[in-house]
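J.: Sharing a structure with you now.
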Amino acid sequence: MTLNECNLTSVNWISPVTIGSGLMLSYILLTLRLLRRVNEKGDSANASYYHIVNPSTNIAVVGAEMTHSFFTNVNTITVGTQHALDPLITIKARANNARKASALIQHEWRPKSLFTISGEMDTKSIDKSPKVGLALALQP
């Protein structure tokens with residue numbers, strides 16, 4: 001890959017519950033976002049990465065996040081994807097190493113007004129019923 005364009009962005013923030021910093025490198029064919037965050041009163045730290053598969057359309061995105069809990073000393077790795085079926089309908093899916101999988105479909109039926117159907121299941125416990133949700137977000 002040749003480096004035709006490189007943008008480097010750095011962000012630092014502090015709030016009552018979140019301390020963090022971020023670094024973003026943008027290339028023509030690759031976008032890399034590294035984010036370190038300490039949240040939940042210092043109990044966990046996060047690092048995330050996402051990649052836009054086709055930068056010209058932003059239709060498909062894949063990403064991963066790693067969270068470390070200092071209190072329980074547990075690492076959680078989550079991978080996910082997002083795909084725009086058309087300009088108004090988006091589907092998202094994710095799974096983590098704790099064997100939880102979730103998905104949603106979101107429809108923007110008016111500008112900034114979304115209807116969402118989502119579901120989550122614990123693949124370790126198939127006998128438990130999955131969670132299903134409906135959401136309606138309205139903006140005037």
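Simple scheme: letters A, B, ... for chains in structure tokens order, numbers from 1 for residues in each chain, numbers from 1 for ligands in the order shown.
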Skipping near chain neighbours, those fewer than 4 positions away, what residues fall within 12 Å of A:Asn96 using only C-alpha atoms, listed as an MDAnalysis selection string?
T.: chainID A and resid 63:67 75:80 100:102 120:124
J.: Near stretch 114-117 of chain A, counting only C-alpha atoms, which residues have an atom at most 8 Å away, once you skip same-chain residues fewer than 5 positions from it, shown as JSON, numbers by chain?
T.: {"A": [104, 105, 106, 107, 108, 109, 132, 133, 134, 135, 136, 137, 138]}
